[in-house]
>>> print(open('start-v6.cif').read())   # mmCIF, C-alpha atoms and all ligand atoms
data_data
#
loop_
_atom_site.group_PDB
_atom_site.id
_atom_site.type_symbol
_atom_site.label_atom_id
_atom_site.label_comp_id
_atom_site.auth_asym_id
_atom_site.auth_seq_id
_atom_site.Cartn_x
_atom_site.Cartn_y
_atom_site.Cartn_z
ATOM 1 C CA MET O 1 -2.334 -93.890 68.628
ATOM 2 C CA GLN O 2 -4.410 -90.753 69.148
ATOM 3 C CA GLY O 3 -4.747 -87.850 66.766
ATOM 4 C CA GLY O 4 -5.857 -89.551 63.545
ATOM 5 C CA ALA O 5 -3.771 -89.625 60.399
ATOM 6 C CA ASN O 6 -2.745 -85.976 60.570
ATOM 7 C CA ALA O 7 -0.862 -86.648 63.805
ATOM 8 C CA GLN O 8 1.058 -89.329 61.891
ATOM 9 C CA PHE O 9 2.048 -86.745 59.262
ATOM 10 C CA SER O 10 4.249 -85.334 62.070
ATOM 11 C CA ALA O 11 4.995 -88.556 63.948
ATOM 12 C CA VAL O 12 6.448 -90.286 60.878
ATOM 13 C CA PRO O 13 9.165 -87.676 60.201
ATOM 14 C CA MET O 14 9.853 -87.180 63.917
ATOM 15 C CA ASN O 15 10.490 -90.915 64.333
ATOM 16 C CA LEU O 16 12.066 -91.803 61.003
ATOM 17 C CA MET O 17 13.669 -88.740 59.393
ATOM 18 C CA ASN O 18 16.828 -89.515 61.365
ATOM 19 C CA LEU O 19 17.286 -93.042 59.991
ATOM 20 C CA LYS O 20 20.060 -91.852 57.670
ATOM 21 C CA GLU O 21 22.549 -89.073 58.188
ATOM 22 C CA LYS O 22 21.228 -87.092 55.289
ATOM 23 C CA ASN O 23 17.999 -86.298 57.187
ATOM 24 C CA SER O 24 16.024 -86.501 53.984
ATOM 25 C CA ALA O 25 12.900 -88.413 52.988
ATOM 26 C CA ASP O 26 11.330 -89.233 49.629
ATOM 27 C CA TYR O 27 7.679 -88.248 49.221
ATOM 28 C CA ILE O 28 5.561 -89.611 46.385
ATOM 29 C CA VAL O 29 2.894 -86.932 46.090
ATOM 30 C CA THR O 30 -0.164 -88.154 44.201
ATOM 31 C CA GLY O 31 -2.836 -85.934 45.729
ATOM 32 C CA TYR O 32 -4.155 -83.916 48.628
ATOM 33 C CA TRP O 33 -3.152 -86.157 51.541
ATOM 34 C CA SER O 34 0.375 -87.022 50.444
ATOM 35 C CA GLN O 35 0.891 -83.332 49.636
ATOM 36 C CA LYS O 36 -0.217 -82.380 53.138
ATOM 37 C CA ALA O 37 2.074 -85.005 54.668
ATOM 38 C CA ALA O 38 5.029 -83.741 52.603
ATOM 39 C CA GLU O 39 4.418 -80.155 53.754
ATOM 40 C CA GLU O 40 4.372 -81.283 57.379
ATOM 41 C CA ALA O 41 7.537 -83.351 56.969
ATOM 42 C CA LYS O 42 9.471 -80.286 55.777
ATOM 43 C CA LYS O 43 9.448 -79.059 59.387
ATOM 44 C CA TYR O 44 11.664 -81.977 60.386
ATOM 45 C CA GLY O 45 14.070 -82.478 57.533
ATOM 46 C CA ASN O 46 14.575 -82.374 53.802
ATOM 47 C CA VAL O 47 11.756 -83.569 51.578
ATOM 48 C CA ASN O 48 12.605 -84.886 48.125
ATOM 49 C CA LEU O 49 9.602 -84.897 45.792
ATOM 50 C CA VAL O 50 9.786 -88.146 43.837
ATOM 51 C CA LEU O 51 7.351 -87.178 41.113
ATOM 52 C CA PRO O 52 7.830 -84.321 38.657
ATOM 53 C CA LYS O 53 5.956 -81.288 39.985
ATOM 54 C CA SER O 54 4.185 -80.558 36.739
ATOM 55 C CA SER O 55 2.504 -83.951 36.567
ATOM 56 C CA ASN O 56 -1.257 -83.629 36.772
ATOM 57 C CA LEU O 57 -2.878 -85.698 39.425
ATOM 58 C CA ASN O 58 -5.168 -87.847 37.321
ATOM 59 C CA GLY O 59 -3.000 -90.883 37.772
ATOM 60 C CA ILE O 60 0.356 -92.143 38.950
ATOM 61 C CA PRO O 61 3.266 -91.269 36.626
ATOM 62 C CA SER O 62 5.246 -94.264 35.356
ATOM 63 C CA LYS O 63 8.354 -95.399 37.254
ATOM 64 C CA SER O 64 10.656 -93.942 34.606
ATOM 65 C CA GLU O 65 9.631 -90.469 35.826
ATOM 66 C CA TRP O 66 10.324 -91.191 39.499
ATOM 67 C CA ASN O 67 13.295 -89.655 41.223
ATOM 68 C CA LEU O 68 14.040 -91.930 44.208
ATOM 69 C CA ASP O 69 17.017 -91.112 46.439
ATOM 70 C CA PRO O 70 18.870 -94.286 47.515
ATOM 71 C CA ASN O 71 20.091 -92.402 50.620
ATOM 72 C CA ALA O 72 16.645 -91.309 51.762
ATOM 73 C CA SER O 73 15.619 -92.200 55.318
ATOM 74 C CA TYR O 74 12.297 -93.517 54.012
ATOM 75 C CA VAL O 75 9.964 -93.413 51.038
ATOM 76 C CA TYR O 76 6.489 -92.103 51.811
ATOM 77 C CA TYR O 77 3.290 -92.549 49.817
ATOM 78 C CA CYS O 78 -0.479 -92.638 50.210
ATOM 79 C CA CYS O 79 -1.871 -95.854 48.708
ATOM 80 C CA ASN O 80 -5.343 -94.382 48.201
ATOM 81 C CA GLU O 81 -5.859 -90.679 47.650
ATOM 82 C CA THR O 82 -9.336 -90.264 49.079
ATOM 83 C CA ILE O 83 -10.267 -86.934 47.503
ATOM 84 C CA SER O 84 -9.315 -87.450 43.870
ATOM 85 C CA GLY O 85 -9.855 -91.221 43.903
ATOM 86 C CA ILE O 86 -6.395 -92.467 42.920
ATOM 87 C CA GLU O 87 -5.252 -95.838 44.251
ATOM 88 C CA PHE O 88 -1.977 -97.717 43.821
ATOM 89 C CA ASN O 89 -2.688 -101.227 42.565
ATOM 90 C CA TYR O 90 0.872 -102.258 43.476
ATOM 91 C CA VAL O 91 3.318 -101.644 46.312
ATOM 92 C CA PRO O 92 6.211 -99.422 45.160
ATOM 93 C CA GLU O 93 9.645 -101.076 45.114
ATOM 94 C CA CYS O 94 12.272 -98.960 46.835
ATOM 95 C CA GLY O 95 15.097 -101.370 47.600
ATOM 96 C CA ASP O 96 16.504 -101.132 51.127
ATOM 97 C CA VAL O 97 14.822 -97.826 51.927
ATOM 98 C CA PRO O 98 11.901 -98.368 54.346
ATOM 99 C CA LEU O 99 8.508 -97.775 52.800
ATOM 100 C CA VAL O 100 5.971 -95.711 54.778
ATOM 101 C CA CYS O 101 2.344 -95.757 53.761
ATOM 102 C CA ASP O 102 -0.740 -93.728 54.626
ATOM 103 C CA ALA O 103 -3.397 -96.388 54.137
ATOM 104 C CA SER O 104 -6.173 -94.442 55.884
ATOM 105 C CA SER O 105 -8.816 -94.843 53.236
ATOM 106 C CA ASN O 106 -8.235 -98.397 52.051
ATOM 107 C CA PHE O 107 -6.915 -100.148 55.163
ATOM 108 C CA LEU O 108 -8.865 -103.402 55.719
ATOM 109 C CA SER O 109 -10.513 -103.079 52.310
ATOM 110 C CA LYS O 110 -8.187 -105.689 50.811
ATOM 111 C CA LEU O 111 -5.283 -107.985 51.598
ATOM 112 C CA LEU O 112 -1.990 -106.209 52.174
ATOM 113 C CA ASP O 113 1.501 -107.734 52.294
ATOM 114 C CA ILE O 114 2.733 -106.215 55.557
ATOM 115 C CA ASN O 115 6.270 -107.518 54.896
ATOM 116 C CA LYS O 116 6.830 -104.948 52.184
ATOM 117 C CA PHE O 117 6.486 -101.997 54.543
ATOM 118 C CA GLY O 118 8.584 -100.234 57.142
ATOM 119 C CA CYS O 119 5.542 -98.490 58.538
ATOM 120 C CA ILE O 120 1.849 -98.394 57.723
ATOM 121 C CA PHE O 121 -0.647 -96.116 59.370
ATOM 122 C CA ALA O 122 -4.360 -95.551 58.964
ATOM 123 C CA SER O 123 -6.790 -93.226 60.646
ATOM 124 C CA ALA O 124 -9.815 -95.134 61.864
ATOM 125 C CA GLN O 125 -12.784 -93.308 60.457
ATOM 126 C CA LYS O 126 -12.914 -94.937 57.020
ATOM 127 C CA ASN O 127 -12.941 -98.714 57.487
ATOM 128 C CA VAL O 128 -12.029 -99.203 61.152
ATOM 129 C CA GLY O 129 -14.084 -97.160 63.633
ATOM 130 C CA PRO O 130 -14.674 -93.705 65.124
ATOM 131 C CA ALA O 131 -12.390 -90.779 64.246
ATOM 132 C CA GLY O 132 -9.540 -89.697 66.481
ATOM 133 C CA LEU O 133 -7.305 -92.727 66.511
ATOM 134 C CA ALA O 134 -4.883 -94.301 64.084
ATOM 135 C CA VAL O 135 -3.559 -97.809 63.644
ATOM 136 C CA VAL O 136 0.230 -97.758 63.269
ATOM 137 C CA ILE O 137 2.193 -100.841 62.241
ATOM 138 C CA ILE O 138 5.969 -100.494 62.307
ATOM 139 C CA ARG O 139 9.004 -102.729 61.818
ATOM 140 C CA GLU O 140 10.746 -103.165 65.176
ATOM 141 C CA ASP O 141 14.202 -102.222 63.899
ATOM 142 C CA LEU O 142 12.849 -98.792 62.952
ATOM 143 C CA LEU O 143 12.019 -97.945 66.561
ATOM 144 C CA GLY O 144 14.328 -95.729 68.604
ATOM 145 C CA HIS O 145 15.497 -93.267 65.953
ATOM 146 C CA GLN O 146 13.226 -90.380 67.008
ATOM 147 C CA LEU O 147 14.400 -86.784 66.922
ATOM 148 C CA SER O 148 15.427 -85.605 70.394
ATOM 149 C CA TYR O 149 12.476 -83.257 70.832
ATOM 150 C CA THR O 150 9.799 -85.801 69.829
ATOM 151 C CA PRO O 151 6.909 -85.562 72.324
ATOM 152 C CA SER O 152 6.561 -88.796 74.268
ATOM 153 C CA VAL O 153 2.981 -89.329 73.045
ATOM 154 C CA PHE O 154 4.327 -89.328 69.461
ATOM 155 C CA ASP O 155 7.365 -91.487 70.171
ATOM 156 C CA TYR O 156 6.842 -94.882 68.521
ATOM 157 C CA LYS O 157 9.386 -96.563 70.800
ATOM 158 C CA ILE O 158 7.644 -95.367 73.960
ATOM 159 C CA LEU O 159 4.229 -96.288 72.563
ATOM 160 C CA ALA O 160 5.421 -99.767 71.570
ATOM 161 C CA LYS O 161 7.131 -100.368 74.909
ATOM 162 C CA ASN O 162 3.920 -99.502 76.716
ATOM 163 C CA ASN O 163 1.648 -101.650 74.531
ATOM 164 C CA SER O 164 0.037 -98.477 73.161
ATOM 165 C CA LEU O 165 -1.003 -97.582 76.719
ATOM 166 C CA TYR O 166 1.554 -94.865 77.463
ATOM 167 C CA ASN O 167 -1.284 -92.525 78.324
ATOM 168 C CA THR O 168 -5.014 -93.251 78.526
ATOM 169 C CA PRO O 169 -5.981 -94.394 75.027
ATOM 170 C CA PRO O 170 -9.251 -93.394 73.329
ATOM 171 C CA THR O 171 -11.103 -96.348 74.836
ATOM 172 C CA TYR O 172 -14.467 -95.777 73.201
ATOM 173 C CA GLY O 173 -12.976 -95.646 69.698
ATOM 174 C CA ILE O 174 -10.889 -98.750 70.347
ATOM 175 C CA TYR O 175 -13.895 -100.654 71.679
ATOM 176 C CA ILE O 176 -16.011 -99.803 68.635
ATOM 177 C CA SER O 177 -13.098 -100.716 66.335
ATOM 178 C CA GLY O 178 -13.029 -104.130 68.018
ATOM 179 C CA LEU O 179 -16.693 -104.607 67.150
ATOM 180 C CA VAL O 180 -15.928 -103.637 63.552
ATOM 181 C CA PHE O 181 -13.103 -106.212 63.416
ATOM 182 C CA ASP O 182 -15.542 -108.879 64.657
ATOM 183 C CA TRP O 183 -18.034 -107.809 62.000
ATOM 184 C CA LEU O 184 -15.336 -107.978 59.331
ATOM 185 C CA LYS O 185 -14.428 -111.523 60.385
ATOM 186 C CA SER O 186 -18.092 -112.541 60.376
ATOM 187 C CA LYS O 187 -18.272 -111.335 56.752
ATOM 188 C CA GLY O 188 -15.488 -113.727 55.812
ATOM 189 C CA GLY O 189 -12.528 -111.463 56.529
ATOM 190 C CA LEU O 190 -10.342 -109.486 54.173
ATOM 191 C CA GLU O 191 -10.472 -111.914 51.289
ATOM 192 C CA SER O 192 -14.217 -111.758 50.969
ATOM 193 C CA ILE O 193 -14.494 -108.020 51.656
ATOM 194 C CA GLN O 194 -11.840 -107.486 48.970
ATOM 195 C CA ALA O 195 -13.884 -109.416 46.436
ATOM 196 C CA ALA O 196 -17.062 -107.539 47.369
ATOM 197 C CA ASN O 197 -15.260 -104.189 47.136
ATOM 198 C CA GLN O 198 -13.986 -105.141 43.701
ATOM 199 C CA ARG O 199 -17.475 -106.008 42.468
ATOM 200 C CA LYS O 200 -18.906 -102.766 43.915
ATOM 201 C CA ALA O 201 -16.317 -100.568 42.204
ATOM 202 C CA LEU O 202 -16.554 -102.451 38.918
ATOM 203 C CA LEU O 203 -20.308 -102.025 38.758
ATOM 204 C CA LEU O 204 -20.008 -98.293 39.331
ATOM 205 C CA TYR O 205 -17.149 -97.739 36.866
ATOM 206 C CA GLU O 206 -18.995 -99.779 34.247
ATOM 207 C CA THR O 207 -21.998 -97.520 34.680
ATOM 208 C CA ILE O 208 -19.814 -94.425 34.307
ATOM 209 C CA ASP O 209 -17.973 -95.782 31.270
ATOM 210 C CA SER O 210 -21.132 -96.862 29.460
ATOM 211 C CA SER O 211 -22.948 -93.545 29.960
ATOM 212 C CA ASN O 212 -21.791 -91.961 26.700
ATOM 213 C CA GLU O 213 -19.731 -89.437 28.696
ATOM 214 C CA PHE O 214 -22.747 -88.179 30.631
ATOM 215 C CA TYR O 215 -20.800 -89.406 33.651
ATOM 216 C CA SER O 216 -17.033 -89.258 33.314
ATOM 217 C CA SER O 217 -14.085 -90.223 35.469
ATOM 218 C CA ALA O 218 -10.879 -88.206 35.049
ATOM 219 C CA ILE O 219 -8.691 -90.857 36.623
ATOM 220 C CA GLN O 220 -6.515 -93.123 34.485
ATOM 221 C CA LYS O 221 -8.085 -96.571 34.414
ATOM 222 C CA GLU O 222 -5.230 -98.468 36.071
ATOM 223 C CA ASN O 223 -5.131 -95.985 38.980
ATOM 224 C CA ARG O 224 -8.841 -95.770 39.692
ATOM 225 C CA SER O 225 -9.694 -96.168 43.354
ATOM 226 C CA ARG O 226 -12.016 -98.971 44.450
ATOM 227 C CA MET O 227 -12.883 -97.018 47.588
ATOM 228 C CA ASN O 228 -13.528 -93.472 46.399
ATOM 229 C CA ILE O 229 -15.043 -93.165 42.973
ATOM 230 C CA THR O 230 -15.085 -89.650 41.575
ATOM 231 C CA PHE O 231 -16.882 -88.469 38.472
ATOM 232 C CA ARG O 232 -18.306 -85.410 36.791
ATOM 233 C CA ILE O 233 -21.585 -84.879 34.968
ATOM 234 C CA LYS O 234 -21.646 -83.364 31.499
ATOM 235 C CA LYS O 235 -24.414 -82.205 29.253
ATOM 236 C CA ASP O 236 -23.781 -81.968 25.502
ATOM 237 C CA GLY O 237 -20.116 -82.603 26.238
ATOM 238 C CA VAL O 238 -19.843 -79.666 28.673
ATOM 239 C CA LEU O 239 -19.325 -79.894 32.415
ATOM 240 C CA ASN O 240 -22.604 -79.029 34.130
ATOM 241 C CA GLU O 241 -22.410 -78.068 37.796
ATOM 242 C CA ASP O 242 -26.129 -77.381 38.033
ATOM 243 C CA LEU O 243 -26.833 -80.956 36.993
ATOM 244 C CA GLU O 244 -24.331 -82.167 39.582
ATOM 245 C CA LYS O 245 -26.186 -80.242 42.293
ATOM 246 C CA LYS O 246 -29.468 -81.709 41.084
ATOM 247 C CA PHE O 247 -27.952 -85.219 41.061
ATOM 248 C CA ILE O 248 -26.879 -84.825 44.690
ATOM 249 C CA SER O 249 -30.227 -83.501 45.901
ATOM 250 C CA GLU O 250 -32.321 -86.007 43.920
ATOM 251 C CA ALA O 251 -30.242 -88.938 45.206
ATOM 252 C CA ASP O 252 -31.119 -87.839 48.728
ATOM 253 C CA LYS O 253 -34.762 -87.104 47.967
ATOM 254 C CA ARG O 254 -35.487 -90.352 46.141
ATOM 255 C CA TYR O 255 -33.214 -92.909 47.816
ATOM 256 C CA SER O 256 -31.856 -91.191 50.964
ATOM 257 C CA MET O 257 -28.339 -91.406 49.541
ATOM 258 C CA ARG O 258 -26.176 -88.726 51.115
ATOM 259 C CA GLU O 259 -22.586 -87.456 51.067
ATOM 260 C CA LEU O 260 -22.263 -87.876 47.314
ATOM 261 C CA LYS O 261 -20.791 -84.409 46.939
ATOM 262 C CA GLY O 262 -17.149 -84.312 45.887
ATOM 263 C CA HIS O 263 -14.607 -82.762 48.240
ATOM 264 C CA ARG O 264 -14.888 -78.952 48.186
ATOM 265 C CA SER O 265 -11.398 -78.642 46.705
ATOM 266 C CA VAL O 266 -12.319 -80.585 43.548
ATOM 267 C CA GLY O 267 -16.120 -80.482 43.189
ATOM 268 C CA GLY O 268 -18.063 -83.059 41.201
ATOM 269 C CA ILE O 269 -19.389 -86.294 42.664
ATOM 270 C CA ARG O 270 -17.577 -88.677 44.989
ATOM 271 C CA VAL O 271 -18.957 -92.064 45.966
ATOM 272 C CA SER O 272 -17.116 -93.587 48.897
ATOM 273 C CA LEU O 273 -17.534 -97.353 48.815
ATOM 274 C CA TYR O 274 -16.127 -98.208 52.222
ATOM 275 C CA ASN O 275 -16.632 -101.681 53.644
ATOM 276 C CA ALA O 276 -19.946 -100.716 55.253
ATOM 277 C CA ILE O 277 -21.525 -99.975 51.859
ATOM 278 C CA THR O 278 -23.234 -103.089 50.513
ATOM 279 C CA GLU O 279 -23.529 -104.329 46.949
ATOM 280 C CA ASP O 280 -27.259 -103.597 47.148
ATOM 281 C CA HIS O 281 -26.483 -99.974 47.999
ATOM 282 C CA VAL O 282 -24.358 -99.742 44.859
ATOM 283 C CA LYS O 283 -27.099 -101.353 42.773
ATOM 284 C CA THR O 284 -29.519 -98.717 44.021
ATOM 285 C CA LEU O 285 -27.074 -95.964 43.138
ATOM 286 C CA VAL O 286 -26.544 -97.376 39.662
ATOM 287 C CA LYS O 287 -30.305 -97.608 39.156
ATOM 288 C CA PHE O 288 -30.608 -93.966 40.157
ATOM 289 C CA MET O 289 -27.738 -92.920 37.869
ATOM 290 C CA LYS O 290 -29.390 -94.535 34.846
ATOM 291 C CA GLU O 291 -32.777 -93.077 35.696
ATOM 292 C CA PHE O 292 -31.275 -89.595 36.227
ATOM 293 C CA GLN O 293 -29.418 -89.703 32.924
ATOM 294 C CA LEU O 294 -32.532 -90.707 30.974
ATOM 295 C CA GLU O 295 -34.466 -87.810 32.477
ATOM 296 C CA GLN O 296 -31.965 -85.300 31.113
ATOM 297 C CA LEU O 297 -32.403 -86.361 27.481
HETATM 298 C C1 LIG Z 301 -9.111 -89.149 56.003
HETATM 299 C C2 LIG Z 301 -7.695 -89.207 55.630
HETATM 300 C C3 LIG Z 301 -6.691 -88.554 56.372
HETATM 301 C C4 LIG Z 301 -7.012 -87.642 57.543
HETATM 302 O O1 LIG Z 301 -7.326 -88.328 58.675
HETATM 303 P P1 LIG Z 301 -7.520 -87.516 60.069
HETATM 304 O O2 LIG Z 301 -7.899 -88.603 61.014
HETATM 305 O O3 LIG Z 301 -8.613 -86.531 59.817
HETATM 306 O O4 LIG Z 301 -6.259 -86.846 60.398
HETATM 307 C C5 LIG Z 301 -5.376 -88.720 55.973
HETATM 308 N N1 LIG Z 301 -5.046 -89.473 54.918
HETATM 309 C C6 LIG Z 301 -5.988 -90.085 54.176
HETATM 310 C C7 LIG Z 301 -5.570 -90.917 53.013
HETATM 311 C C8 LIG Z 301 -7.333 -89.975 54.500
HETATM 312 O O5 LIG Z 301 -8.262 -90.580 53.756
#
>>> encode(input="start-v6.cif", output="structure tokens")
Amino acid sequence: MQGGANAQFSAVPMNLMNLKEKNSADYIVTGYWSQKAAEEAKKYGNVNLVLPKSSNLNGIPSKSEWNLDPNASYVYYCCNETISGIEFNYVPECGDVPLVCDASSNFLSKLLDINKFGCIFASAQKNVGPAGLAVVIIREDLLGHQLSYTPSVFDYKILAKNNSLYNTPPTYGIYISGLVFDWLKSKGGLESIQAANQRKALLLYETIDSSNEFYSSAIQKENRSRMNITFRIKKDGVLNEDLEKKFISEADKRYSMRELKGHRSVGGIRVSLYNAITEDHVKTLVKFMKEFQLEQL
């Protein structure tokens, strides 16, 4: 489908909010993207926030704190929050209620049990291909429940019936995505990319954790993302934004490593280890991190 993941923030409620009479959906908000999706969904029905509002977003609160509504039309979550670097390492259990997942930033980074989901979507520009399109996978029995005013281009049933060719699709993006799928297969497919991604993330987190708090991750260990690794830089135990700026510019100057700046809403450093980043790239980064730390002593 066209319109990236943000279009799906509207398409999901327009197609699925109606599944149950109550016209209400459960949203598990663990960061920026799920928050944005929840805000959008409010236009189309009632949104029940599953997690306590006060919870800080450095991890995923334990199940005992969740407030799931058994009569919800669907349960929505984002399995990898790209900005803060929080990733679910399990698929939430929600009984008979269909599970909807924004997998934009970790789709095709690991194996995924499709059977556990009602709907999965992912914008292309992280691990699939050029921006502007989204992969949407949906259970067939969930088709045909769209709200009456749903635009045809957003109507899952119409899209499915027309083999995703209801209107002219973004052909260039789809073509490039096909080349990426071929590349992924040539690398040994999901199983081997999953293992490589695991090794990449581990190496980086080990470097952070063994830096005597010079580098520090705020994310609870069991929820740390393998795709987007965020950390801060401290000097003498105090957050040091000047050092962070220097880190970013020196990484570019010395090793041509770019886009290490954290998202503007959170600051700090963010290393996105998408499939295209190799283990050698991570080794270079780790070498630079150690060298940079030593220079500050
Ligand atoms: C990048 C991203 C989005 C936004 O995708 P667009 O194609 O820009 O709409 C949404 N959700 C997640 C998890 C993302 O990483």
>>> closest_residue(input="start-v6.cif", among="O:Lys63, O:Ile138, O:Met227, O:Asn23", to="ligand LIG 301 (chain Z)", atoms="only C-alpha atoms and all ligand atoms")
O:Met227
>>> residues_near_ligand(input="start-v6.cif", ligand="ligand LIG 301 (chain Z)", cutoff="9 Å", atoms="only C-alpha atoms and all ligand atoms", output="NGL selection string")
:O and (3-9 or 32-34 or 36-37 or 78-83 or 102-106 or 122-126 or 131-134)
>>> axis_aligned_box(input="start-v6.cif", around="segment 142-157 of chain O", padding_each_side="5 Å", output="lines of an AutoDock Vina configuration file")
center_x = 9.2
center_y = -91.0
center_z = 68.6
size_x = 22.5
size_y = 25.5
size_z = 21.3
>>> residues_around(input="start-v6.cif", residues="segment 228-242 of chain O", least_positions_apart="5", cutoff="9 Å", atoms="all atoms listed in the file", output="MDAnalysis selection string")
chainID O and resid 80:87 105 201 204:205 208 213:219 247 262 267:274 296
>>> closest_atom_pairs(input="start-v6.cif", of="segment 7-126 of chain O", to="segment 194-199 of chain O", cutoff="9 Å", atoms="all atoms listed in the file", output="Markdown table")
| residue | atom | partner | partner_atom | distance |
| --- | --- | --- | --- | --- |
| O:Leu108 | CA | O:Gln194 | CA | 8.4 |
| O:Ser109 | CA | O:Gln194 | CA | 5.7 |
| O:Lys110 | CA | O:Gln194 | CA | 4.5 |
| O:Leu111 | CA | O:Gln194 | CA | 7.1 |
